[in-house]
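Trainee: To be precise about what I am sending: the file is called final-v2.txt and holds compact mmCIF, C-alpha atoms.
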```
# COMPACT_ATOMS: atom_id res chain seq x y z
CA MET Y 1205 -5.20 -40.00 -16.07
CA LYS Y 1206 -2.24 -40.10 -13.69
CA ILE Y 1207 -0.43 -37.07 -12.27
CA LYS Y 1208 2.51 -36.83 -9.88
CA ILE Y 1209 2.66 -34.55 -6.85
CA LYS Y 1210 5.83 -33.70 -4.98
CA ARG Y 1211 5.07 -33.92 -1.28
CA TYR Y 1212 6.73 -32.21 1.66
CA ASN Y 1213 6.18 -32.71 5.38
CA GLN Y 1214 8.74 -31.37 7.83
CA GLU Y 1215 7.50 -33.77 10.49
CA LEU Y 1216 8.42 -36.84 8.44
CA ILE Y 1217 11.88 -38.21 7.77
CA GLU Y 1218 11.24 -38.51 4.05
CA LYS Y 1219 10.30 -34.96 3.17
CA ASN Y 1220 10.36 -34.96 -0.61
CA SER Y 1221 8.47 -37.99 -1.85
CA ILE Y 1222 6.63 -37.97 -5.18
CA ASP Y 1223 3.19 -39.57 -5.05
CA GLU Y 1224 1.18 -40.67 -8.06
CA PHE Y 1225 -2.60 -40.26 -8.25
CA GLU Y 1226 -5.30 -41.27 -10.70
CA VAL Y 1227 -7.68 -38.38 -11.43
CA SER Y 1228 -10.69 -37.81 -13.65
CA ASN Y 1229 -10.64 -34.01 -13.72
CA THR Y 1230 -8.45 -32.25 -16.28
CA ASN Y 1231 -8.51 -28.93 -14.41
CA LEU Y 1232 -5.62 -29.01 -11.94
CA LEU Y 1233 -7.42 -27.41 -9.00
CA LYS Y 1234 -10.42 -29.69 -9.43
CA ALA Y 1235 -8.02 -32.65 -9.62
CA LEU Y 1236 -6.34 -31.60 -6.35
CA ILE Y 1237 -9.74 -31.30 -4.66
CA GLU Y 1238 -10.68 -34.72 -6.05
CA ILE Y 1239 -7.51 -36.27 -4.61
CA LYS Y 1240 -8.11 -34.72 -1.20
CA GLN Y 1241 -11.73 -35.87 -1.11
CA TYR Y 1242 -11.32 -39.40 -2.41
CA ASN Y 1243 -7.66 -40.47 -2.31
CA ASP Y 1244 -5.57 -38.71 0.31
CA SER Y 1245 -7.08 -36.29 2.81
CA THR Y 1246 -3.59 -35.25 3.97
CA LEU Y 1247 -2.76 -33.56 0.66
CA THR Y 1248 -2.31 -29.86 1.44
CA PHE Y 1249 -2.77 -26.99 -1.01
CA ARG Y 1250 -4.26 -23.49 -1.11
CA CYS Y 1251 -7.18 -22.16 -3.11
CA GLY Y 1252 -9.52 -19.23 -2.82
CA CYS Y 1253 -11.59 -17.66 -5.56
CA LYS Y 1254 -11.19 -20.59 -8.00
CA SER Y 1255 -11.33 -18.10 -10.88
CA GLY Y 1256 -7.77 -16.80 -11.28
CA VAL Y 1257 -8.15 -13.65 -9.20
CA CYS Y 1258 -6.75 -14.41 -5.74
CA GLY Y 1259 -3.45 -16.03 -6.79
CA SER Y 1260 -3.42 -18.41 -3.82
CA CYS Y 1261 -3.40 -21.64 -5.86
CA ALA Y 1262 -0.12 -20.97 -7.73
CA VAL Y 1263 2.07 -24.06 -8.12
CA LYS Y 1264 4.64 -25.40 -10.59
CA VAL Y 1265 3.55 -27.76 -13.34
CA ASN Y 1266 6.48 -29.52 -15.01
CA GLY Y 1267 8.73 -26.79 -13.67
CA ILE Y 1268 6.63 -23.83 -14.86
CA GLU Y 1269 4.63 -21.57 -12.55
CA LYS Y 1270 0.86 -21.79 -13.10
CA LEU Y 1271 -2.42 -21.01 -11.34
CA ALA Y 1272 -3.99 -24.39 -10.58
CA CYS Y 1273 -7.51 -23.09 -11.23
CA ARG Y 1274 -6.56 -22.06 -14.79
CA THR Y 1275 -4.41 -25.04 -15.72
CA LYS Y 1276 -5.37 -28.05 -17.81
CA ILE Y 1277 -3.30 -31.09 -16.86
CA ASN Y 1278 -2.00 -33.95 -18.95
CA GLN Y 1279 -0.86 -37.49 -18.31
CA ASN Y 1280 2.16 -37.74 -15.96
CA ASP Y 1281 2.34 -34.03 -15.22
CA LEU Y 1282 4.51 -33.25 -12.18
CA ILE Y 1283 2.97 -30.82 -9.70
CA GLU Y 1284 5.12 -29.19 -7.03
CA SER Y 1285 5.24 -26.13 -4.81
CA LEU Y 1286 6.66 -22.80 -5.95
CA SER Y 1287 10.44 -22.40 -5.69
CA ASN Y 1288 12.58 -19.95 -3.70
CA ILE Y 1289 10.03 -19.73 -0.86
CA ASN Y 1290 9.81 -21.82 2.33
CA ILE Y 1291 7.37 -24.71 2.07
CA ILE Y 1292 4.93 -25.23 4.93
CA LYS Y 1293 3.51 -28.51 3.65
CA ASP Y 1294 3.10 -30.13 0.23
CA LEU Y 1295 2.02 -27.32 -2.13
CA VAL Y 1296 1.57 -24.62 0.53
CA ILE Y 1297 4.28 -21.97 0.84
CA ASP Y 1298 5.00 -19.36 3.50
CA VAL Y 1299 3.84 -15.98 2.15
CA SER Y 1300 4.90 -13.88 5.14
CA HIS Y 1301 7.66 -12.30 2.99
CA GLU Y 1302 5.00 -10.41 1.02
CA THR Y 1303 4.27 -8.00 3.86
CA PHE Y 1304 7.98 -7.53 4.55
CA LEU Y 1305 8.86 -6.70 0.94
CA LEU Y 1306 5.95 -4.36 0.32
CA ASP Y 1307 6.63 -2.55 3.58
CA LYS Y 1308 10.30 -2.26 2.63
CA VAL Y 1309 9.36 -0.39 -0.53
CA LYS Y 1310 6.76 1.68 1.37
CA SER Y 1311 4.58 2.03 -1.70
CA TYR Y 1312 1.20 3.12 -0.45
CA ILE Y 1313 -0.91 6.24 -0.79
CA ASP Y 1314 -0.94 9.02 1.79
CA ILE Y 1315 -4.51 9.00 3.06
CA ASN Y 1316 -4.44 12.80 3.13
CA SER Y 1317 -3.81 13.02 -0.61
CA ASN Y 1318 -6.59 14.96 -2.37
CA LYS Y 1319 -5.24 15.26 -5.90
CA GLU Y 1320 -7.81 14.79 -8.62
CA ILE Y 1321 -7.16 12.12 -11.23
CA ASN Y 1322 -8.64 11.44 -14.66
CA GLN Y 1323 -9.12 8.32 -16.78
CA GLU Y 1324 -5.67 8.70 -18.35
CA ASP Y 1325 -4.10 8.71 -14.88
CA ILE Y 1326 -5.99 5.54 -13.98
CA GLU Y 1327 -4.94 3.75 -17.16
CA LYS Y 1328 -1.31 4.59 -16.46
CA ILE Y 1329 -1.33 2.50 -13.27
CA ASP Y 1330 -4.05 0.01 -14.17
CA LEU Y 1331 -1.89 -2.92 -15.30
CA GLN Y 1332 0.46 -2.81 -12.31
CA SER Y 1333 -2.57 -2.58 -10.00
CA ASN Y 1334 -3.72 -5.99 -11.26
CA CYS Y 1335 -0.95 -7.90 -9.45
CA ILE Y 1336 -2.54 -10.69 -7.38
CA LEU Y 1337 0.58 -11.54 -5.32
CA CYS Y 1338 0.60 -15.14 -6.55
CA ASN Y 1339 4.41 -15.32 -6.08
CA SER Y 1340 4.97 -16.95 -9.47
CA CYS Y 1341 7.45 -14.21 -10.35
CA TYR Y 1342 9.49 -14.83 -7.21
CA SER Y 1343 9.50 -18.56 -7.84
CA SER Y 1344 10.96 -18.03 -11.31
CA CYS Y 1345 13.44 -15.31 -10.30
CA PRO Y 1346 17.13 -16.40 -10.37
CA ILE Y 1347 18.21 -13.42 -8.25
CA TYR Y 1348 15.71 -14.09 -5.46
CA ASN Y 1349 16.92 -17.69 -5.53
CA ILE Y 1350 20.36 -16.61 -4.31
CA ASN Y 1351 19.58 -13.33 -2.54
CA LYS Y 1352 16.52 -13.23 -0.27
CA ASP Y 1353 17.21 -9.51 0.38
CA PHE Y 1354 16.39 -8.79 -3.27
CA ILE Y 1355 13.19 -6.74 -3.32
CA GLY Y 1356 12.06 -8.67 -6.34
CA PRO Y 1357 9.47 -8.52 -9.13
CA PHE Y 1358 6.04 -7.88 -7.62
CA ALA Y 1359 7.34 -5.41 -5.04
CA LEU Y 1360 9.12 -3.45 -7.77
CA THR Y 1361 6.03 -3.54 -9.97
CA ARG Y 1362 4.09 -2.20 -6.98
CA ALA Y 1363 6.73 0.51 -6.58
CA LEU Y 1364 6.20 1.65 -10.19
CA ARG Y 1365 2.45 1.66 -9.68
CA TYR Y 1366 2.84 4.28 -6.93
CA VAL Y 1367 5.66 6.21 -8.58
CA ASP Y 1368 3.32 6.70 -11.55
CA ASP Y 1369 0.37 7.59 -9.30
CA LYS Y 1370 -0.42 11.32 -9.28
CA LYS Y 1371 -1.83 11.04 -5.77
CA PHE Y 1372 1.53 10.00 -4.32
CA LYS Y 1373 3.34 12.98 -2.80
CA ASP Y 1374 7.01 12.04 -2.99
CA LYS Y 1375 8.01 9.41 -5.54
CA LYS Y 1376 11.67 9.97 -4.65
CA GLU Y 1377 11.03 8.28 -1.30
CA ILE Y 1378 10.04 5.07 -3.06
CA LEU Y 1379 12.90 5.37 -5.54
CA ASN Y 1380 15.33 5.71 -2.66
CA ASN Y 1381 13.96 2.50 -1.13
CA ILE Y 1382 14.57 0.40 -4.25
CA GLN Y 1383 18.17 1.33 -5.04
CA THR Y 1384 19.82 -1.29 -2.79
CA ASN Y 1385 18.90 -4.94 -3.48
CA GLY Y 1386 16.41 -3.57 -5.98
CA ILE Y 1387 16.27 -2.36 -9.55
CA TRP Y 1388 20.02 -2.53 -10.21
CA ASP Y 1389 20.33 -6.15 -9.02
CA CYS Y 1390 17.82 -7.49 -11.55
CA THR Y 1391 19.43 -9.34 -14.48
CA LEU Y 1392 16.46 -8.44 -16.73
CA CYS Y 1393 16.14 -12.09 -17.77
CA GLY Y 1394 12.37 -11.72 -18.11
CA ALA Y 1395 11.50 -15.02 -16.38
CA CYS Y 1396 9.05 -13.19 -14.12
CA SER Y 1397 7.23 -11.66 -17.09
CA LEU Y 1398 6.80 -15.05 -18.78
CA VAL Y 1399 4.96 -16.62 -15.83
CA CYS Y 1400 2.76 -13.72 -14.69
CA PRO Y 1401 -0.89 -14.85 -14.95
CA GLN Y 1402 -2.03 -11.21 -15.18
CA SER Y 1403 0.25 -10.45 -18.17
CA ILE Y 1404 2.17 -7.87 -16.15
CA ASP Y 1405 5.73 -7.29 -17.37
CA PRO Y 1406 7.92 -6.78 -14.25
CA LYS Y 1407 11.03 -6.67 -16.44
CA ALA Y 1408 9.66 -3.64 -18.31
CA ASP Y 1409 8.55 -2.09 -15.01
CA ILE Y 1410 12.06 -2.44 -13.58
CA LEU Y 1411 13.60 -0.91 -16.72
CA LYS Y 1412 11.22 2.02 -16.39
CA LEU Y 1413 12.15 2.44 -12.72
CA GLN Y 1414 15.83 2.48 -13.70
CA ASN Y 1415 15.16 5.26 -16.23
CA ILE Y 1416 13.12 7.27 -13.73
CA SER Y 1417 15.88 6.81 -11.15
CA PHE Y 1418 18.45 8.24 -13.57
CA GLN Y 1419 16.19 11.23 -14.19
CA GLU Y 1420 15.86 11.79 -10.44
CA GLY Y 1421 19.63 11.81 -9.91
CA PHE Y 1422 20.26 8.21 -8.86
CA SER Y 1423 22.96 6.07 -10.46
CA ASN Y 1424 23.67 2.39 -10.83
CA PRO Y 1425 25.99 1.50 -7.90
CA ASN Y 1426 27.28 -1.53 -9.79
CA LEU Y 1427 28.94 0.78 -12.31
CA ASN Y 1428 31.06 2.36 -9.56
CA ASN Y 1429 33.16 -0.78 -9.51
CA PHE Y 1430 33.50 -0.94 -13.27
CA ASP Y 1431 36.96 0.09 -14.44
CA MET Y 1432 36.71 2.28 -17.53
CA ASN Y 1433 40.49 2.73 -17.87
CA PHE Y 1434 41.63 0.49 -20.70
CA ASP Y 1435 45.38 0.35 -20.13
CA TYR Y 1436 46.54 -1.40 -23.28
CA GLU Y 1437 47.94 -0.48 -26.67
CA PHE Y 1438 45.79 -0.72 -29.76
CA ASP Y 1439 47.56 -0.76 -33.13
CA GLY Y 1440 44.46 -0.21 -35.20
CA PHE Y 1441 42.21 -2.48 -37.25
CA ASN Y 1442 43.83 -4.73 -39.84
CA PRO Y 1443 41.23 -5.67 -42.48
CA ASN Y 1444 43.50 -8.51 -43.67
```
Give the structure from this file in structure tokens form.

Mentor:
Amino acid sequence: MKIKIKRYNQELIEKNSIDEFEVSNTNLLKALIEIKQYNDSTLTFRCGCKSGVCGSCAVKVNGIEKLACRTKINQNDLIESLSNINIIKDLVIDVSHETFLLDKVKSYIDINSNKEINQEDIEKIDLQSNCILCNSCYSSCPIYNINKDFIGPFALTRALRYVDDKKFKDKKEILNNIQTNGIWDCTLCGACSLVCPQSIDPKADILKLQNISFQEGFSNPNLNNFDMNFDYEFDGFNPN
């Protein structure tokens, strides 16, 4: 079976070649390892747990974000790096933005918190806690594609996880951090939700954060520029 891999090397003149390889493995990660061992030792990719938990092997397969370790490949599949993020080499992206975005939201527990929680409290934040920072949501996000200041899907999902956490002292602090380039900039297209390997729904999380923000006294700044004065004459509805 043949697959195609989009290559990138900033040290070479031709940075975006597409190479074709013959592989015997149908699992994508195993196929990449096979290529590196037997065909081209320069092929560069990331992998960690090999069981869909670490998120490090995320790539695009025929334009759709996938975890390589969980993906079955077919003849002539095109494998390429995630979009919207700087490529280091071949299928390896620069993930330094993760720390920046999560720190920008400042969603982490005060170590002095001593509030008791029960099973219901845990279940409330359980799904959002399962994010593995694979960056698939950022790769698929049309807003992050044009605005790198956009806080984006996984950071906003992380924000909701702590806003909903009883142990967190001041949820308004997090809400304040996600008003600009955050929840109101999302188009709610749902692309991030479709590609999440953990079945997290960042679109729903962002909608919930918008509702919580309204309840806490915040407003959508985009509506401030919306003119509600309809200065025209209306002669009524003519059914004919």

Trainee: Can you work out which one of Y:Thr1303, Y:Ser1285, Y:Asn1334, Y:Asn1349 has the shortest atom-to-atom distance to Phe1249 (chain Y), counting only C-alpha atoms?

Mentor: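 Ranking Y:Thr1303, Y:Ser1285, Y:Asn1334, Y:Asn1349 by distance to Phe1249 (chain Y), first place goes to Y:Ser1285.
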
Trainee: List the spatial neighbours of Ile1404 (chain Y) as a PDB file with C-alpha atoms, keeping the file's coordinate frame - criterion: any atom at most 12 Å away, all atoms listed in the file, same-chain residues fewer than 5 positions off excluded.

Mentor:
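Dumped to around25.pdb:
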```
ATOM      1  CA  ILE Y1329      -1.330   2.500 -13.270  1.00  0.00           C
ATOM      2  CA  ASP Y1330      -4.050   0.010 -14.170  1.00  0.00           C
ATOM      3  CA  LEU Y1331      -1.890  -2.920 -15.300  1.00  0.00           C
ATOM      4  CA  GLN Y1332       0.460  -2.810 -12.310  1.00  0.00           C
ATOM      5  CA  SER Y1333      -2.570  -2.580 -10.000  1.00  0.00           C
ATOM      6  CA  ASN Y1334      -3.720  -5.990 -11.260  1.00  0.00           C
ATOM      7  CA  CYS Y1335      -0.950  -7.900  -9.450  1.00  0.00           C
ATOM      8  CA  ILE Y1336      -2.540 -10.690  -7.380  1.00  0.00           C
ATOM      9  CA  LEU Y1337       0.580 -11.540  -5.320  1.00  0.00           C
ATOM     10  CA  SER Y1340       4.970 -16.950  -9.470  1.00  0.00           C
ATOM     11  CA  CYS Y1341       7.450 -14.210 -10.350  1.00  0.00           C
ATOM     12  CA  PRO Y1357       9.470  -8.520  -9.130  1.00  0.00           C
ATOM     13  CA  PHE Y1358       6.040  -7.880  -7.620  1.00  0.00           C
ATOM     14  CA  LEU Y1360       9.120  -3.450  -7.770  1.00  0.00           C
ATOM     15  CA  THR Y1361       6.030  -3.540  -9.970  1.00  0.00           C
ATOM     16  CA  ARG Y1362       4.090  -2.200  -6.980  1.00  0.00           C
ATOM     17  CA  LEU Y1364       6.200   1.650 -10.190  1.00  0.00           C
ATOM     18  CA  ARG Y1365       2.450   1.660  -9.680  1.00  0.00           C
ATOM     19  CA  GLY Y1394      12.370 -11.720 -18.110  1.00  0.00           C
ATOM     20  CA  ALA Y1395      11.500 -15.020 -16.380  1.00  0.00           C
ATOM     21  CA  CYS Y1396       9.050 -13.190 -14.120  1.00  0.00           C
ATOM     22  CA  SER Y1397       7.230 -11.660 -17.090  1.00  0.00           C
ATOM     23  CA  LEU Y1398       6.800 -15.050 -18.780  1.00  0.00           C
ATOM     24  CA  VAL Y1399       4.960 -16.620 -15.830  1.00  0.00           C
ATOM     25  CA  ASP Y1409       8.550  -2.090 -15.010  1.00  0.00           C
ATOM     26  CA  ILE Y1410      12.060  -2.440 -13.580  1.00  0.00           C
TER      27      ILE Y1410
END
```

Trainee: Between Y:Lys1370, Y:Lys1234, Y:Lys1352, Y:Lys1412, which has the minimum distance to His1301 (chain Y) (counting all atoms listed in the file)?

Mentor: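 Between Y:Lys1370, Y:Lys1234, Y:Lys1352, Y:Lys1412, the residue approaching His1301 (chain Y) most closely is Y:Lys1352.
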
Trainee: Just the residues within 7 Å of Ile1277 (chain Y), please, counting only C-alpha atoms, with nothing from its chain fewer than 4 positions along; format it as JSON, numbers by chain.

Mentor: {"Y": [1230, 1231, 1232, 1281]}

Trainee: Could you tell me how far CA of Ser1287 (chain Y) sits from CA of Asn1266 (chain Y), in Å to one decimal place?

Mentor: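 Computing it gives 12.4 Å between the two atoms.
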
Trainee: What lies within 9 Å of Arg1274 (chain Y) using all atoms listed in the file, ignoring chain neighbours under 3 positions off, as a list of chain:residue names?

Mentor: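 Counting only the stated atoms, we get Y:Asn1231, Y:Leu1232, Y:Leu1233, Y:Lys1254, Y:Ser1255, Y:Gly1256, Y:Lys1270, Y:Leu1271.
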
Trainee: Can those selected residues be exported to a file as a compact mmCIF listing (two decimals), in the frame of the given file so that it contains C-alpha atoms?

Mentor:
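out_10.txt, freshly written:
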```
# COMPACT_ATOMS: atom_id res chain seq x y z
CA ASN Y 1231 -8.51 -28.93 -14.41
CA LEU Y 1232 -5.62 -29.01 -11.94
CA LEU Y 1233 -7.42 -27.41 -9.00
CA LYS Y 1254 -11.19 -20.59 -8.00
CA SER Y 1255 -11.33 -18.10 -10.88
CA GLY Y 1256 -7.77 -16.80 -11.28
CA LYS Y 1270 0.86 -21.79 -13.10
CA LEU Y 1271 -2.42 -21.01 -11.34
```

Trainee: Using only C-alpha atoms, which protein or nucleic acid residues come within 10 Å of Ile1289 (chain Y)? Drop anything in the same chain fewer than 5 positions from it, and give the result as an mmCIF file with C-alpha atoms, in the frame of the given file.

Mentor:
```cif
data_model
loop_
_atom_site.group_PDB
_atom_site.id
_atom_site.type_symbol
_atom_site.label_atom_id
_atom_site.label_comp_id
_atom_site.auth_asym_id
_atom_site.auth_seq_id
_atom_site.Cartn_x
_atom_site.Cartn_y
_atom_site.Cartn_z
ATOM 1 C CA VAL Y 1296 1.570 -24.620 0.530
ATOM 2 C CA ILE Y 1297 4.280 -21.970 0.840
ATOM 3 C CA ASP Y 1298 5.000 -19.360 3.500
ATOM 4 C CA VAL Y 1299 3.840 -15.980 2.150
ATOM 5 C CA SER Y 1300 4.900 -13.880 5.140
ATOM 6 C CA HIS Y 1301 7.660 -12.300 2.990
ATOM 7 C CA ASN Y 1339 4.410 -15.320 -6.080
ATOM 8 C CA TYR Y 1342 9.490 -14.830 -7.210
ATOM 9 C CA SER Y 1343 9.500 -18.560 -7.840
ATOM 10 C CA TYR Y 1348 15.710 -14.090 -5.460
ATOM 11 C CA ASN Y 1349 16.920 -17.690 -5.530
ATOM 12 C CA LYS Y 1352 16.520 -13.230 -0.270
#
```

Trainee: In Å, with one decimal, what is the gap from CA of Lys1308 (chain Y) to CA of Asp1294 (chain Y)?

Mentor: 28.9 Å
